[in-house]
file entry.txt (compact mmCIF, C-alpha atoms)
# COMPACT_ATOMS: atom_id res chain seq x y z
CA MET L 23 37.22 -5.02 3.13
CA ALA L 24 35.11 -2.47 4.95
CA SER L 25 33.11 -1.68 1.84
CA GLY L 26 32.50 -5.41 1.28
CA ARG L 27 31.07 -5.65 4.79
CA ASP L 28 28.99 -2.53 4.20
CA ASP L 29 27.57 -4.06 1.01
CA PHE L 30 26.63 -7.18 2.95
CA VAL L 31 24.94 -5.14 5.70
CA ILE L 32 23.05 -3.00 3.16
CA ALA L 33 21.87 -6.07 1.20
CA PHE L 34 20.94 -7.84 4.43
CA ARG L 35 19.01 -4.88 5.84
CA SER L 36 17.29 -4.30 2.55
CA ALA L 37 16.24 -7.97 2.35
CA PHE L 38 14.74 -8.02 5.83
CA LEU L 39 13.40 -4.54 6.41
CA LYS L 40 12.59 -2.90 3.09
CA LYS L 41 9.08 -3.29 1.78
CA LYS L 42 8.59 -3.59 -1.98
CA ASP L 43 5.78 -1.67 -3.65
CA LYS L 44 3.33 -4.56 -3.52
CA GLN L 45 4.46 -6.00 -0.17
CA LYS L 46 2.34 -4.84 2.75
CA PHE L 47 4.56 -6.38 5.43
CA SER L 48 8.33 -6.50 5.85
CA LEU L 49 9.99 -9.90 6.01
CA LEU L 50 11.32 -9.32 9.49
CA SER L 51 7.89 -8.56 10.95
CA LEU L 52 6.43 -11.71 9.36
CA ILE L 53 9.34 -13.88 10.54
CA LEU L 54 8.80 -12.57 14.07
CA LEU L 55 5.07 -13.23 13.71
CA SER L 56 5.82 -16.85 12.68
CA ILE L 57 7.97 -17.33 15.78
CA VAL L 58 5.18 -15.89 17.96
CA VAL L 59 2.65 -18.24 16.28
CA ILE L 60 4.93 -21.26 16.92
CA ILE L 61 5.21 -20.35 20.60
CA LEU L 62 1.50 -19.49 21.01
CA SER L 63 0.23 -22.62 19.26
CA ASN L 64 1.99 -24.75 21.82
CA ILE L 65 0.81 -22.95 24.90
CA ASN L 66 -2.01 -24.81 26.61
CA PHE L 67 -4.21 -21.71 27.01
CA LYS L 68 -7.91 -22.17 26.26
CA PRO L 69 -8.56 -19.15 23.96
CA ILE L 70 -5.50 -20.07 21.88
CA GLN L 71 -6.63 -23.69 21.68
CA PHE L 72 -10.07 -22.52 20.47
CA VAL L 73 -8.47 -20.39 17.75
CA LYS L 74 -6.28 -23.36 16.77
CA ILE L 75 -9.31 -25.67 16.58
CA GLY L 76 -11.14 -23.05 14.45
CA ILE L 77 -8.20 -22.80 12.04
CA ASN L 78 -7.98 -26.60 11.83
CA GLU L 79 -11.71 -26.93 11.10
CA ILE L 80 -11.60 -24.41 8.25
CA ILE L 81 -8.40 -25.70 6.69
CA TYR L 82 -9.34 -29.40 6.89
CA ARG L 83 -12.68 -28.76 5.16
CA SER L 84 -11.09 -26.55 2.50
CA SER L 85 -8.35 -29.09 1.90
CA TYR L 86 -10.93 -31.84 1.48
CA PHE L 87 -12.68 -29.92 -1.32
CA ILE L 88 -9.50 -28.72 -3.02
CA SER L 89 -8.03 -32.25 -2.93
CA LYS L 90 -11.00 -33.74 -4.78
CA PRO L 91 -9.46 -33.59 -8.29
CA GLU L 92 -6.21 -35.10 -7.01
CA ASN L 93 -8.11 -37.82 -5.15
CA TYR L 94 -10.04 -38.62 -8.32
CA LEU L 95 -6.75 -39.03 -10.18
CA LYS L 96 -5.40 -41.16 -7.36
CA ASN L 97 -8.44 -43.46 -7.42
CA LEU L 98 -8.21 -43.71 -11.18
CA THR L 99 -4.56 -44.82 -10.99
CA LEU L 100 -5.36 -47.36 -8.28
CA ARG L 101 -8.30 -48.77 -10.22
CA PHE L 102 -6.22 -49.04 -13.37
CA ASN L 103 -3.47 -50.92 -11.49
CA GLU L 104 -6.05 -53.22 -9.90
CA HIS L 105 -7.57 -53.94 -13.28
CA MET L 106 -4.15 -54.85 -14.71
CA ASN L 107 -3.47 -57.29 -11.84
CA LEU L 108 -6.93 -58.84 -11.85
CA PHE L 109 -6.05 -62.35 -13.01
CA GLU L 110 -3.02 -62.73 -10.75
CA LYS L 111 -5.09 -61.51 -7.81
CA TYR L 112 -7.89 -63.96 -8.64
CA GLU L 113 -5.49 -66.92 -8.56
CA ASN L 114 -4.02 -65.82 -5.21
CA THR L 115 -7.44 -65.19 -3.70
CA LYS L 116 -8.66 -68.64 -4.78
CA SER L 117 -5.88 -70.47 -2.97
CA GLU L 118 -6.18 -68.14 0.05
CA LEU L 119 -9.90 -68.86 0.26
CA GLU L 120 -9.27 -72.61 0.45
CA ASN L 121 -6.84 -72.11 3.33
CA LEU L 122 -9.20 -69.75 5.12
CA LYS L 123 -12.12 -72.19 4.87
CA GLU L 124 -10.02 -74.80 6.65
CA GLU L 125 -8.91 -72.32 9.31
CA LYS L 126 -12.43 -71.06 9.90
CA VAL L 127 -13.59 -74.41 11.22
CA THR L 128 -10.85 -74.40 13.87
CA ASN L 129 -11.39 -70.73 14.68
CA ASN L 130 -15.09 -71.17 15.35
CA PHE L 131 -14.28 -73.70 18.02
CA LEU L 132 -11.59 -71.42 19.56
CA LYS L 133 -13.99 -68.49 19.59
CA LEU L 134 -16.60 -70.46 21.47
CA GLU L 135 -14.01 -71.74 23.92
CA ASN L 136 -12.72 -68.18 24.49
CA GLU L 137 -16.20 -66.86 25.19
CA LYS L 138 -16.82 -69.72 27.61
CA LEU L 139 -13.59 -69.01 29.50
CA ARG L 140 -14.34 -65.28 29.71
CA ASN L 141 -17.75 -66.07 31.12
CA LEU L 142 -16.11 -68.27 33.73
CA ILE L 143 -13.95 -65.41 35.02
CA ASN L 144 -16.87 -63.00 34.59
CA GLU L 145 -14.91 -60.71 32.24
CA ASN L 146 -16.21 -58.92 29.22
CA ILE L 147 -14.68 -56.56 26.68
CA ASN L 148 -17.11 -53.78 25.78
CA SER L 149 -16.20 -51.73 22.75
CA GLU L 150 -17.87 -48.80 21.05
CA GLU L 151 -17.42 -47.97 17.39
CA VAL L 152 -17.89 -44.77 15.40
CA PHE L 153 -17.70 -44.89 11.62
CA ALA L 154 -15.69 -42.07 10.07
CA LYS L 155 -14.79 -40.90 6.59
CA VAL L 156 -11.19 -40.07 5.76
CA LEU L 157 -11.21 -36.39 4.75
CA ILE L 158 -7.52 -35.94 4.01
CA ASP L 159 -4.87 -38.60 3.69
CA ARG L 160 -1.93 -36.35 3.02
CA GLU L 161 0.93 -38.57 4.06
CA SER L 162 3.79 -36.12 3.97
CA PRO L 163 7.28 -37.61 3.57
CA PHE L 164 7.90 -36.78 7.21
CA LEU L 165 4.65 -37.38 9.07
CA LYS L 166 2.04 -40.03 8.37
CA SER L 167 -1.43 -39.06 9.49
CA ILE L 168 -5.04 -38.84 8.28
CA ILE L 169 -7.91 -36.47 9.01
CA LEU L 170 -11.29 -38.00 9.91
CA ASN L 171 -14.71 -36.36 9.82
CA LYS L 172 -15.60 -37.16 13.44
CA GLY L 173 -14.63 -35.03 16.43
CA THR L 174 -15.59 -34.16 19.99
CA LYS L 175 -19.27 -33.84 19.03
CA ASP L 176 -19.21 -37.59 18.25
CA ASN L 177 -17.39 -38.39 21.53
CA VAL L 178 -14.06 -39.00 19.84
CA LYS L 179 -11.17 -38.74 22.31
CA ILE L 180 -7.40 -38.69 22.05
CA GLY L 181 -5.89 -42.19 22.14
CA MET L 182 -8.79 -44.05 20.49
CA GLY L 183 -7.83 -46.73 17.99
CA ILE L 184 -8.53 -46.55 14.24
CA ILE L 185 -9.60 -49.73 12.50
CA ASP L 186 -9.78 -50.48 8.79
CA ARG L 187 -12.12 -53.50 8.41
CA VAL L 188 -10.61 -55.55 11.30
CA TYR L 189 -7.04 -54.26 11.14
CA LEU L 190 -5.50 -51.57 13.34
CA VAL L 191 -4.22 -48.59 11.33
CA GLY L 192 -3.50 -45.91 13.91
CA GLN L 193 -4.69 -43.84 16.85
CA ILE L 194 -6.28 -40.44 17.43
CA ILE L 195 -3.76 -37.75 18.38
CA GLU L 196 -5.73 -34.53 17.91
CA VAL L 197 -9.46 -33.83 18.24
CA ASN L 198 -11.39 -30.81 16.98
CA TYR L 199 -15.16 -30.21 17.14
CA THR L 200 -16.14 -31.91 13.86
CA ASN L 201 -12.92 -33.66 12.87
CA SER L 202 -9.85 -35.34 14.25
CA ARG L 203 -6.33 -36.37 13.24
CA ALA L 204 -5.08 -39.94 13.50
CA LEU L 205 -1.43 -40.93 13.51
CA LEU L 206 -0.83 -43.94 11.26
CA LEU L 207 1.12 -47.00 12.40
CA SER L 208 3.75 -46.24 9.76
CA ASP L 209 4.71 -42.92 11.37
CA LEU L 210 8.05 -42.78 13.17
CA ASN L 211 6.29 -41.58 16.33
CA SER L 212 3.86 -44.52 16.47
CA LYS L 213 4.64 -47.12 19.17
CA ILE L 214 2.09 -49.94 19.74
CA PRO L 215 2.38 -52.59 22.48
CA SER L 216 1.95 -55.87 20.60
CA LEU L 217 2.00 -59.60 20.81
CA LEU L 218 3.69 -61.84 18.25
CA ALA L 219 1.81 -65.06 17.66
CA PRO L 220 2.26 -68.01 17.73
CA GLN L 221 5.64 -67.32 19.38
CA ASN L 222 3.86 -65.44 22.20
CA ILE L 223 6.45 -62.62 22.35
CA GLN L 224 5.57 -59.20 23.78
CA ALA L 225 7.02 -56.37 21.68
CA VAL L 226 6.53 -52.77 20.66
CA ILE L 227 5.84 -52.17 16.98
CA SER L 228 7.25 -48.89 15.79
CA GLY L 229 6.66 -47.06 12.50
CA THR L 230 9.57 -46.26 10.22
CA GLY L 231 8.16 -43.45 8.10
CA LYS L 232 7.92 -45.97 5.25
CA ASN L 233 5.22 -48.54 4.47
CA TYR L 234 6.51 -51.09 6.98
CA GLY L 235 7.15 -51.21 10.72
CA ILE L 236 9.88 -52.65 12.94
CA ILE L 237 10.00 -54.56 16.23
CA GLU L 238 11.33 -52.65 19.21
CA HIS L 239 11.92 -53.35 22.88
CA THR L 240 11.87 -57.10 22.94
CA LYS L 241 14.11 -59.84 24.22
CA ASP L 242 17.45 -60.45 22.46
CA ASP L 243 16.86 -63.95 21.11
CA ILE L 244 13.86 -62.95 19.00
CA GLU L 245 15.83 -63.95 15.88
CA GLU L 246 15.85 -67.56 17.06
CA ASP L 247 12.07 -67.50 17.60
CA LEU L 248 11.27 -65.96 14.24
CA LYS L 249 13.76 -68.00 12.22
CA ASP L 250 11.48 -70.86 11.29
CA GLU L 251 7.98 -69.47 11.01
CA ASP L 252 6.00 -66.37 10.14
CA ALA L 253 4.54 -64.27 12.95
CA ILE L 254 1.20 -62.49 13.10
CA ILE L 255 1.17 -59.34 15.18
CA TYR L 256 -1.80 -58.41 17.37
CA THR L 257 -2.31 -55.61 19.87
CA SER L 258 -1.39 -56.89 23.32
CA GLY L 259 -3.75 -54.57 25.18
CA LEU L 260 -0.94 -53.48 27.48
CA GLY L 261 -1.11 -49.82 28.36
CA GLY L 262 -4.89 -49.96 28.18
CA LEU L 263 -5.16 -48.02 24.91
CA PHE L 264 -6.25 -50.77 22.56
CA LYS L 265 -8.39 -53.84 22.84
CA PRO L 266 -6.18 -56.96 22.92
CA GLY L 267 -6.15 -59.09 19.78
CA ILE L 268 -6.58 -56.54 17.01
CA PRO L 269 -4.51 -57.73 14.01
CA ILE L 270 -1.76 -55.28 12.96
CA GLY L 271 0.48 -57.03 10.47
CA LYS L 272 2.80 -59.95 9.88
CA ILE L 273 6.48 -60.74 9.79
CA SER L 274 7.38 -63.18 7.04
CA LYS L 275 10.46 -65.37 7.11
CA GLY L 276 13.53 -63.81 5.48
CA THR L 277 12.19 -60.25 5.47
CA ASN L 278 14.66 -59.00 8.07
CA TYR L 279 11.90 -58.67 10.70
CA LYS L 280 10.04 -56.00 8.77
CA VAL L 281 6.42 -55.72 9.85
CA GLU L 282 4.15 -55.78 6.84
CA PHE L 283 0.92 -54.00 7.82
CA PHE L 284 -2.32 -55.74 6.85
CA SER L 285 -4.00 -52.53 5.82
CA ASP L 286 -2.91 -50.38 2.88
CA PHE L 287 -2.71 -46.88 4.36
CA THR L 288 -2.83 -45.21 0.94
CA GLN L 289 -6.33 -46.57 0.25
CA LEU L 290 -8.18 -45.68 3.43
CA ASP L 291 -11.64 -44.34 2.72
CA TYR L 292 -13.88 -45.24 5.66
CA VAL L 293 -12.56 -46.37 9.04
CA LYS L 294 -13.89 -47.18 12.51
CA ILE L 295 -12.87 -45.25 15.59
CA ILE L 296 -13.04 -47.60 18.57
CA SER L 297 -12.90 -47.30 22.29
CA PHE L 298 -13.14 -50.22 24.69
CA SER L 299 -13.40 -51.10 28.33
CA ILE L 300 -12.72 -54.33 30.12
CA GLY L 301 -15.09 -55.06 32.92
CA ASP L 302 -17.63 -57.39 34.38
CA LYS L 303 -20.23 -58.79 32.06
CA LYS L 304 -23.31 -56.65 32.10
CA MET R 22 -16.82 -4.06 -24.39
CA ALA R 23 -17.19 -7.76 -23.57
CA SER R 24 -13.76 -8.52 -24.96
CA LEU R 25 -12.32 -5.68 -22.84
CA ASN R 26 -13.90 -7.14 -19.69
CA LYS R 27 -12.63 -10.59 -20.62
CA SER R 28 -9.10 -9.30 -21.12
CA ASN R 29 -9.27 -7.45 -17.77
CA PHE R 30 -10.35 -10.65 -16.06
CA LEU R 31 -7.59 -12.67 -17.74
CA ARG R 32 -5.03 -10.02 -16.77
CA ALA R 33 -6.13 -10.08 -13.12
CA PHE R 34 -6.34 -13.87 -13.07
CA SER R 35 -2.90 -14.33 -14.58
CA SER R 36 -1.31 -11.93 -12.09
CA TYR R 37 -2.76 -13.99 -9.22
CA LEU R 38 -1.74 -17.32 -10.80
CA PRO R 39 1.40 -17.89 -8.64
CA ILE R 40 -0.66 -17.29 -5.47
CA ILE R 41 -3.43 -19.61 -6.70
CA ILE R 42 -0.89 -22.36 -7.49
CA LEU R 43 0.76 -21.83 -4.09
CA PHE R 44 -2.49 -22.25 -2.16
CA ILE R 45 -3.68 -25.21 -4.23
CA SER R 46 -0.37 -26.96 -3.62
CA VAL R 47 -0.36 -26.39 0.15
CA PHE R 48 -3.97 -27.48 0.48
CA ASN R 49 -3.20 -30.51 -1.63
CA GLU R 50 0.32 -31.23 -0.37
CA PHE R 51 1.12 -33.17 -3.56
CA ASP R 52 2.47 -36.43 -2.29
CA PHE R 53 2.59 -38.81 -5.26
CA ASN R 54 1.90 -41.66 -2.83
CA TYR R 55 -0.41 -43.28 -5.32
CA LEU R 56 2.53 -43.75 -7.68
CA LYS R 57 3.87 -46.12 -5.00
CA ILE R 58 7.46 -45.08 -5.61
CA GLU R 59 9.29 -45.54 -2.35
CA ASN R 60 11.68 -42.79 -1.31
CA PHE R 61 10.35 -40.36 -3.88
CA SER R 62 9.11 -36.96 -2.85
CA PHE R 63 9.91 -33.38 -3.66
CA ASN R 64 8.82 -30.09 -2.21
CA PHE R 65 6.95 -28.23 -4.91
CA VAL R 66 6.23 -25.26 -2.62
CA TYR R 67 9.95 -24.64 -2.05
CA ILE R 68 10.51 -24.48 -5.82
CA LEU R 69 7.50 -22.21 -6.31
CA VAL R 70 8.40 -19.79 -3.51
CA PHE R 71 12.08 -19.75 -4.47
CA TYR R 72 11.45 -19.06 -8.16
CA TRP R 73 8.76 -16.40 -7.81
CA THR R 74 10.31 -14.47 -4.93
CA LEU R 75 13.64 -14.47 -6.73
CA ARG R 76 12.56 -13.71 -10.27
CA SER R 77 9.29 -11.87 -9.82
CA PRO R 78 8.85 -10.79 -6.19
CA ASP R 79 5.74 -8.72 -6.88
CA SER R 80 3.79 -11.81 -7.96
CA LEU R 81 3.92 -13.47 -4.57
CA GLY R 82 3.25 -11.39 -1.45
CA TYR R 83 5.08 -12.25 1.75
CA PHE R 84 1.82 -12.30 3.69
CA SER R 85 0.33 -14.86 1.26
CA ILE R 86 3.44 -16.98 1.76
CA PHE R 87 3.02 -16.67 5.53
CA LEU R 88 -0.63 -17.81 5.27
CA ALA R 89 0.32 -20.65 2.92
CA GLY R 90 2.81 -21.83 5.54
CA ILE R 91 0.10 -21.88 8.21
CA VAL R 92 -2.18 -23.92 5.92
CA ASN R 93 0.67 -26.32 5.14
CA ASP R 94 1.38 -26.89 8.85
CA VAL R 95 -2.26 -27.63 9.61
CA VAL R 96 -2.62 -30.02 6.65
CA ILE R 97 0.60 -31.90 7.44
CA GLY R 98 0.04 -31.84 11.20
CA ILE R 99 3.18 -30.15 12.48
CA PRO R 100 3.15 -27.25 15.00
CA ILE R 101 1.62 -24.15 13.38
CA GLY R 102 4.11 -21.54 12.18
CA ILE R 103 7.07 -23.75 11.29
CA SER R 104 6.48 -23.85 7.53
CA SER R 105 5.73 -20.09 7.51
CA LEU R 106 9.07 -19.45 9.17
CA CYS R 107 10.86 -21.72 6.67
CA TYR R 108 9.18 -20.14 3.62
CA LEU R 109 9.93 -16.62 4.90
CA ILE R 110 13.58 -17.48 5.53
CA MET R 111 13.64 -18.70 1.93
CA CYS R 112 12.19 -15.32 0.89
CA ALA R 113 14.91 -13.56 2.92
CA VAL R 114 17.61 -15.54 1.10
CA THR R 115 16.08 -14.78 -2.31
CA ALA R 116 15.74 -11.07 -1.41
CA TYR R 117 19.41 -11.05 -0.37
CA ILE R 118 20.46 -12.81 -3.60
CA ARG R 119 18.42 -10.27 -5.62
CA ASN R 120 20.14 -7.40 -3.84
CA ILE R 121 23.67 -8.64 -4.46
CA THR R 122 23.14 -9.93 -8.02
CA LEU R 123 23.53 -7.68 -11.02
CA SER R 124 22.91 -10.22 -13.75
CA PRO R 125 20.79 -13.26 -12.79
CA ASN R 126 22.33 -16.62 -13.57
CA PHE R 127 20.40 -19.90 -13.59
CA VAL R 128 23.22 -22.10 -12.27
CA LYS R 129 23.90 -19.73 -9.35
CA ASP R 130 20.17 -19.67 -8.53
CA TRP R 131 20.03 -23.45 -8.71
CA PHE R 132 22.86 -23.92 -6.22
CA SER R 133 21.47 -21.14 -4.02
CA LEU R 134 18.28 -23.22 -3.79
CA LEU R 135 20.31 -26.17 -2.50
CA PHE R 136 21.99 -23.97 0.11
CA THR R 137 18.62 -22.48 1.13
CA MET R 138 17.01 -25.90 1.45
CA VAL R 139 19.85 -27.16 3.63
CA LEU R 140 19.42 -24.07 5.83
CA ILE R 141 15.64 -24.25 6.20
CA ASN R 142 15.50 -28.03 6.55
CA SER R 143 18.10 -27.76 9.31
CA ILE R 144 15.96 -25.17 11.08
CA GLN R 145 12.86 -27.35 10.64
CA VAL R 146 14.64 -30.45 11.96
CA ILE R 147 16.00 -28.52 14.96
CA ILE R 148 12.54 -27.19 15.82
CA LEU R 149 10.70 -30.49 15.30
CA ASP R 150 13.22 -32.96 16.64
CA LEU R 151 15.00 -31.04 19.38
CA ILE R 152 12.32 -28.64 20.61
CA PHE R 153 9.02 -30.46 19.99
CA LEU R 154 10.55 -33.96 20.29
CA ILE R 155 8.73 -35.18 17.16
CA GLU R 156 10.68 -38.09 15.69
CA ILE R 157 11.49 -37.50 12.02
CA SER R 158 13.41 -39.35 9.36
CA TYR R 159 16.55 -37.44 8.36
CA MET R 160 16.85 -39.58 5.25
CA SER R 161 13.40 -38.40 4.08
CA TYR R 162 14.61 -34.82 4.33
CA VAL R 163 17.78 -35.61 2.36
CA VAL R 164 15.82 -37.47 -0.35
CA ASN R 165 13.18 -34.74 -0.49
CA SER R 166 15.80 -31.98 -0.81
CA GLY R 167 17.69 -33.99 -3.45
CA PHE R 168 14.64 -34.45 -5.66
CA THR R 169 13.56 -30.84 -5.15
CA PHE R 170 17.01 -29.73 -6.31
CA LEU R 171 16.87 -32.04 -9.34
CA PHE R 172 13.36 -30.93 -10.32
CA TYR R 173 14.13 -27.20 -10.14
CA PRO R 174 15.32 -26.84 -13.78
CA ILE R 175 12.09 -28.40 -15.09
CA PHE R 176 9.90 -26.04 -13.07
CA PHE R 177 12.23 -23.16 -13.88
CA VAL R 178 11.39 -23.59 -17.58
CA ILE R 179 7.65 -23.94 -16.84
CA PHE R 180 7.57 -20.90 -14.52
CA ASN R 181 9.63 -18.86 -17.00
CA GLY R 182 6.97 -19.52 -19.63
CA LEU R 183 4.22 -18.66 -17.17
CA SER R 184 6.01 -15.50 -16.11
CA GLN R 185 6.24 -14.37 -19.75
CA ILE R 186 2.51 -14.97 -20.24
CA ILE R 187 1.74 -12.95 -17.08
CA TYR R 188 3.85 -10.00 -18.21
CA GLN R 189 2.43 -10.13 -21.72
CA LYS R 190 -1.06 -9.94 -20.27
CA LYS R 191 -0.02 -7.09 -17.98
CA ASN R 192 1.37 -5.10 -20.90
CA ASP R 193 -1.63 -5.72 -23.17
call {"tool": "encode", "arguments": {"input": "entry.txt", "output": "structure tokens"}}
result
Amino acid sequence: MASGRDDFVIAFRSAFLKKKDKQKFSLLSLILLSIVVIILSNINFKPIQFVKIGINEIIYRSSYFISKPENYLKNLTLRFNEHMNLFEKYENTKSELENLKEEKVTNNFLKLENEKLRNLINENINSEEVFAKVLIDRESPFLKSIILNKGTKDNVKIGMGIIDRVYLVGQIIEVNYTNSRALLLSDLNSKIPSLLAPQNIQAVISGTGKNYGIIEHTKDDIEEDLKDEDAIIYTSGLGGLFKPGIPIGKISKGTNYKVEFFSDFTQLDYVKIISFSIGDKK
Amino acid sequence: MASLNKSNFLRAFSSYLPIIILFISVFNEFDFNYLKIENFSFNFVYILVFYWTLRSPDSLGYFSIFLAGIVNDVVIGIPIGISSLCYLIMCAVTAYIRNITLSPNFVKDWFSLLFTMVLINSIQVIILDLIFLIEISYMSYVVNSGFTFLFYPIFFVIFNGLSQIIYQKKND
């Protein structure tokens, strides 16, 4: 029994402390170093933050170049799939276009009316946009985020919204000098104050870690409201982070209240980083 | 003379091949998202680190593994140092297995990988979820570990072949 324990201790000590011929560091020292790095990287101390930003800058750029062959393969696969679905897509787009033409006429009138009403209360939404290229879109199975090529030097700040065409896709959570990281709406940690239209229900849309979202923090009888018709989800503007009225996704009937995002997060190439302010008309 | 230089280069290149693959994979973080298969992911780095530190520890330095972990954390966006810690714990387990094993056995290695992944994923979940309060999907971890376990035999065969090539080149 004692010799069995001795064997275990010898094997354990050897594994952690002994350096092999080609190993310059023992495992124990590197494990301790990792723990120190974890602690240091989360201390809000300026020199450490500068080092962290430097590491991020170098690694993001390197990753962008090393990922190029994989991205080429990815684009090739996507283009092939698109080519195979061309006819089906054409038919769908044709019918969608007809519907949109009809809706556009009504929307033009609503837009004018909205502008008129805002003028009456002397309110104006000013927004600024910065175009950014997606450097890395490594959606790990656990965290969904993208790296953009704009940082503090382009006045990007934490909390700004990310827009793909007109659809919201995420928000900035980390800013470096020349790049930044945006958390996608599909991430588990993403919570967006939203408005469900036409039901006019305030809700929080949360990511699930998959390619759809869910409704959180809303009144109990939402099922009754969503039973008969589809709902379009817009940002509500509550919390002051996003401009109200940015389309996020839709909930179709019979989909168990899953939020289908309008934008495909796997195909983001260029996005807009937006900030806004509500104030008097200048 | 030229052929001698060429063979020297090939020998040096082949001996660094596991490190090169390790760094390419952490910079890339192979995700297979474009395949659009829901609930499919596996951790290639775990397989790579487990195989090479168990079967051929001299091919993959612990410091390179530590650096690869840092790169992985930055690319994925989790607090720096967590992946390094996980990879190094994996190295500790493989070093321990090497010390207590007289004759290596594939099936034992395979199940040791499962045990190691459960251990390091638990540590990662505890750090991320309970300390840093980052919400994570437990199911993603289970699925990821499951596929990593299932894919190990395939990569075992590939890495065995690669390992033979490396040692042939070394002995040339």
call {"tool": "atom_distance", "arguments": {"input": "entry.txt", "atom1": "atom CA of Ile296 of chain L", "atom2": "atom CA of Ile185 of chain L"}}
result
7.3 Å
call {"tool": "interface_residues", "arguments": {"input": "entry.txt", "of": "chain R", "to": "chain L", "cutoff": "8 Å", "atoms": "all atoms listed in the file", "output": "ChimeraX atom specification"}}
result
/R:45,48-52,54-56,59,62,79,82-84,87,92,95-98,100-103,105-106,109-110,112-114,116-117,120-121,155-158,161-162,165
call {"tool": "atom_distance", "arguments": {"input": "entry.txt", "atom1": "atom CA of Ile141 of chain R", "atom2": "atom CA of Leu183 of chain R"}}
result
26.6 Å
call {"tool": "atom_distance", "arguments": {"input": "entry.txt", "atom1": "atom CA of Gln71 of chain L", "atom2": "atom CA of Lys175 of chain L"}}
result
16.4 Å
call {"tool": "closest_residue", "arguments": {"input": "entry.txt", "among": "L:Phe131, L:Tyr256, L:Phe264, L:Tyr199", "to": "Leu218 of chain L", "atoms": "all atoms listed in the file"}}
result
L:Tyr256
call {"tool": "closest_residue", "arguments": {"input": "entry.txt", "among": "R:Ser104, R:Ser80, R:Asn93, R:Thr74", "to": "Ile118 of chain R", "atoms": "all atoms listed in the file"}}
result
R:Thr74
call {"tool": "residues_around", "arguments": {"input": "entry.txt", "residues": "Met182 of chain L", "least_positions_apart": "6", "cutoff": "7 Å", "atoms": "only C-alpha atoms", "output": "ChimeraX atom specification"}}
result
/L:193-194,263,295-297
call {"tool": "residues_around", "arguments": {"input": "entry.txt", "residues": "segment 188-190 of chain L", "least_positions_apart": "5", "cutoff": "12 Å", "atoms": "only C-alpha atoms", "output": "ChimeraX atom specification"}}
result
/L:151,182-183,204-208,214,216,227,254-257,264-272,283-287,290,293-296
call {"tool": "closest_residue", "arguments": {"input": "entry.txt", "among": "R:Tyr159, R:Tyr173, R:Tyr188, R:Phe153", "to": "Val139 of chain R", "atoms": "all atoms listed in the file"}}
result
R:Tyr159
call {"tool": "residues_around", "arguments": {"input": "entry.txt", "residues": "segment 66-72 of chain R", "least_positions_apart": "5", "cutoff": "10 Å", "atoms": "all atoms listed in the file", "output": "VMD selection string"}}
result
chain R and resid 39 to 40 42 to 44 46 to 47 50 to 51 77 to 78 81 83 86 89 to 90 93 107 to 109 111 to 112 114 to 116 130 to 131 133 to 134 137 to 138 166 169 to 170 172 to 174 176 to 177 180 to 181
call {"tool": "residues_around", "arguments": {"input": "entry.txt", "residues": "segment 275-279 of chain L", "least_positions_apart": "2", "cutoff": "12 Å", "atoms": "all atoms listed in the file", "output": "MDAnalysis selection string"}}
result
chainID L and resid 218 227:228 234:238 244:255 271:273 281:282
